[in-house]
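All remarks here apply to the structure that follows.
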Amino acid sequence: MTPDTRVLGIEGTAWAASAAVYDSAAETVEIETEAYQPDSGGIHPREAAEHMGDNVPAVVERALGHARELAAEDPDYDADGPPVDCVAFSRGPGLGPCLRIVATAARAVAQRLDVPLVGVNHMVAHLEIGRHRSGFESPVCLNASGANAHVLAYRNGRYRVLGETMDTGVGNAIDKFTRHLDWSHPGGPKVEEAAEDGAYHELPYVVKGMDFSFSGVMSAAKQAVDDGVPVEDVCHGLQESVFAMLTEVSERALSLTGGDELVLGGGVGQNDRLREMLGEMCEQRGAEFFAPEPRFLRDNAGMIAVLGAKMYDAGDTLSIAESGIDADFRPDQVEVSWRGRASDTTPAERASGGTPRADELQGAEATVEIDGERVIKHRRPRSYRHPKLDERLRVERTREEARLTADARRYGVPTPVVLDVDPWETRLVFERVGDADLRERLTEANVRDVGRHLATIHEAGFVHGDPTTRNVRVSFEGTSGDDGRTYLIDFGLGYYTNDREDYAMDLHVLAQSLSGTADDPEALLAAAEEAYSSVGDERVLDHLREIEGRGRYQ
Ligand SMILES: C[C@@H](O)[C@H](NC(=O)OP(=O)(O)OC[C@H]1O[C@@H](n2cnc3c(N)ncnc32)[C@H](O)[C@@H]1O)C(=O)O
Ligand SMILES: Nc1ncnc2c1ncn2[C@@H]1O[C@H](COP(=O)(O)OP(=O)(O)OP(=O)(O)O)[C@@H](O)[C@H]1O
Ligand SMILES: [Fe+2]
């Protein structure tokens, strides 16, 4: 970064009419925000846009006032020049009517001051602020905001979405539950407060590979309240379930990328219990955890200004003609201009000079011990989860893993022989299979095999649940080169189902994992799909297209 970059940031994607000035030399961020508070119900897009129209000009003027004061102290400042180097604004995602007002305001100020415009992706800003404040090089990022929920990691010039919500954002899900109770918006802080006085109430828990879903938990929570379960208990159970899901997926992402740093972003990150769980999970696996201060977690223009400065320094500015908004702007669409090539590899690759680390038998969920030709897998307690939820998940998954590993074998899919199972001790003993994980041998032939195996188990009526490149072993016995015999392992998230959506989700998880670990995921994925259709149902692939095409902004 150049010695002193001063940026005006403007934010207004949903509820926060916010402007900020970031000064890179002083490392200060001054934020001015006017919050929109709906009279009843949730956020009304038209009212929110009116709020932006009424408040953005004032917060911008206040932020510019701070910029002038900072400029006056800057020895290099030309007193006739503009007090900032550029104007950065949230281009999306968000509510269209709000985004248009913010973009118009940003264009007007940029032209008035005669400085360039920088168009910032709001979700990337939510995670870059954590990276900036922590000083972490290449963290896994959990975005837990109102309209979104996803886990991302950087690779080859983009933030890759490793896992995300299959329905609504996490904050919106909580807010919908509190609307059912007639509590005022936003509901998140009220659920947090009520949960403190409650006892654990069991609710559904839905993690599918790296993705997760809130709709079932929320319907069950509403039903529980209607059935007379004390509302404090439901709030408590809701937080325990939903935040454990986010924590589990973050842990999987750390395991998958070999990362040892996690940052949190988004308004739901203000929740103490979520931060506590994430902190505890990281501590248990020897990773570092960072959550920025609350003013940088909830929507704010400070994060827009900070990322704006990095983009400006990289020459990543927009002409007025290019400065259109994008209400569905996904974080993985952003071409990252501001990060050096050094962080193009995953932490695991860097740590080991190209090959994955030696301790990789520490899986995401379990410890796996190799004992000669046997493999002992033990699901140890996760202290971040409520003990009842923790036991339920470990016992269920151990049972299912034993059953489905054996079932898959019966249908002709190579899997390890199950030598012993003890659900109550959450311990399994398998035959050792393969010479490497698939992610170290990502060839078309190997991936094609996986496509065929998945089709075979789907035809038999069950899913794997987590078919990532770590959950396939490759054996080279009797083969030459990198192509070998592929074994599916780790069926702990699998289940019997007739739903085509579930089959398609298996393929989606595989696709996500390939794009997180391979340099040319498209060719590999095409190979897997072709093999899938030769054995399985073509309509599952159509369904996969539908899943991939779904607008995730809701
Ligand atoms: C696209 C953009 O407009 C959107 N922004 C957004 O959702 O605002 P944000 O400030 O990041 O998050 C607001 C959400 O954060 C929740 N929230 C706030 N405090 C909370 C708390 N203590 N516990 C749980 N949720 C909380 C609110 O209930 C609300 O759903 C987003 O980032 O998805
Ligand atoms: N039967 C086996 N034979 C050889 N290696 C195995 C076997 N089972 C597991 N492994 C090794 O141990 C690693 C972790 O195992 P597994 O995936 O079952 O555990 P996990 O904790 O569920 O991991 P994750 O959630 O990361 O998939 C695998 O990636 C693989 O390298
Ligand atoms: Fe946000």
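Chains: A, B, ... in order of the structure tokens. Residues: from 1 per chain. Ligands: from 1, in order shown.
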
Just list the residues in stretch 187-304 of chain A DSSP gives helix (DSSP H, G or I) on the backbone, as a ChimeraX atom specification.
/A:188-196,215-226,231-257,267-270,272-285,294-297,301-304

Enumerate as a PDB file with C-alpha atoms, in the first residue's frame the residues within 6 Å of ligand 3, counting only C-alpha atoms and all ligand atoms.
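Output contents, as saved in pocket-v4.pdb:
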```
ATOM      1  CA  SER A 145     -24.631 -11.960   7.885  1.00  0.00           C
ATOM      2  CA  GLY A 266     -21.134 -10.216   9.067  1.00  0.00           C
ATOM      3  CA  ASP A 299     -22.936  -3.546   7.828  1.00  0.00           C
TER       4      ASP A 299
END
```

Let me have all residues with an atom within 8 Å of ligand 2, counting only C-alpha atoms and all ligand atoms, laid out as a count of residues only.
40

Selection: 8 Å around stretch 451-456 of chain A, only C-alpha atoms, excl. self and same-chain fewer than 2 positions, as a ChimeraX atom specification
/A:411,413,447-449,458-460,463-464,488,506-507,527-537

At a cut-off of 8 Å, using only C-alpha atoms, what residues contact stretch 478-483 of chain A? Leave out same-chain residues fewer than 6 positions from it and give the result as an MDAnalysis selection string.
chainID A and resid 441 443 445:446

Determine, counting only C-alpha atoms, which protein, DNA and RNA residues have an atom within 12 Å of an atom of stretch 385-397 of chain A; residues of the same chain fewer than 5 positions away are not included. Present the result as a PyMOL selection string.
chain A and resi 199-207+236-248+273-274+276-281+365-366+377-380+402-405+421-428+464-465+490-495

Kindly compile the residues surrounding ligand 1 within 8 Å, counting only C-alpha atoms and all ligand atoms, and format them as a VMD selection string.
chain A and resid 12 to 16 92 to 95 122 to 123 126 143 to 149 169 to 175 185 to 192 265 to 272 297 to 300 553

Which residues are near A:Ile547? Cut-off 8 Å, only C-alpha atoms, ignore same chain within fewer than 2 positions. Put them as a list in words.
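Once the nearby chain positions are removed, what remains is Ala504, Met505, His508, His543, Leu544, Arg545, Gly549 and Arg550 of chain A.
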
Pick from A:Phe462, A:Trp338, A:Tyr22, A:Phe89 nearest to A:Gly324, counting only C-alpha atoms
A:Phe89

At a cut-off of 7 Å, can you tabulate as CSV every residue of stretch 52-168 of chain A near stretch 309-323 of chain A together with its closest atom pair and the distance in Å to one decimal, using only C-alpha atoms and ordering rows by chain then number?
```
residue,atom,partner,partner_atom,distance
A:Arg107,CA,A:Ile320,CA,6.8
A:Pro116,CA,A:Thr317,CA,6.3
A:Leu117,CA,A:Leu318,CA,5.4
A:Val118,CA,A:Thr317,CA,4.7
A:Gly119,CA,A:Leu318,CA,6.7
```

List the neighbours of A:Val509 out to 9 Å using only C-alpha atoms; skip same-chain residues closer than 6 positions along the sequence, and give me the result as an MDAnalysis selection string.
chainID A and resid 162:163 208:211 465:468

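The nearest approach to A:Ala305 among the residues A:Thr486, A:Asn55, A:Ser383, A:Thr28, with only C-alpha atoms taken into account, belongs to A:Thr28.
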
Could you pull out all residues of stretch 41-229 of chain A with a DSSP call of strand (DSSP E) and give them as a PyMOL selection string?
chain A and resi 86-92+117-121+140-144+149-155+158-164+207-208+211-212

From atom CA of A:Tyr159 to atom CA of A:Pro97 the spacing works out at 26.7 Å
